[in-house]
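Take a look at the structure set out below.
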Amino acid sequence: NRIFHALADPSRRAIFESLARGEAGVNELTARFDISQPAVSQHLAALKEAGLVDARREGRRVIYRVQPRGMKPLIDWIAYYRAFWTEHVGRLEQLLETMDE
């Protein structure tokens, strides 16, 4: 649920997508988006709590980057439902074919 909640917000998705292209600090991210620095920091905290990003210190700066392993629960969820719907759509196609005969 944390992953879905974190990515449900358009600003967080945009920040996540920006970090997917390369790591950045809070000030760099603030310059890329039309939101305040405290808002960027809050969005980063939500992404970090969800396991989607991590951070490291470089002197006084904190550099954020995407944590690929954080997407695993989402990828697993999608894979499960892809298999589920593929099977059920296949059955529906078979049923419709037999009804047409």
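Chain labels follow the order of the structure tokens: the first chain is A, the next B, and so on; residue numbering restarts at 1 in every chain, and ligands are counted from 1 in their shown order.
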
Selection: 12 Å around range 4-19 of chain A, only C-alpha atoms, excl. self and same-chain fewer than 3 positions, as a PyMOL selection string: chain A and resi 1+22-26+28-36+39-55+63-68+70-71+73-75+77-78

Using only C-alpha atoms: which of A:Pro38, A:Thr98, A:Asn27, A:Gly90 has the shortest distance to Arg61 in chain A: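 Between A:Pro38, A:Thr98, A:Asn27, A:Gly90, the residue approaching Arg61 in chain A most closely is A:Asn27.
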
Which of range 10-57 of chain A fall in strand (DSSP E or B), as a ChimeraX atom specification: /A:24-25,53-57

Pairwise distance for CA of Ala79 in chain A and CA of Glu97 in chain A, rounded to one decimal in Å: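 Spanning CA of Ala79 in chain A to CA of Glu97 in chain A is a straight-line distance of 27.0 Å.
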
Chain A: residues DSSP assigns to alpha helix (DSSP H), reported as a ChimeraX atom specification: /A:2-8,10-20,26-32,37-49,72-100

Gap from CA of Ala20 in chain A to CA of Phe84 in chain A - Å, one decimal: 29.0 Å
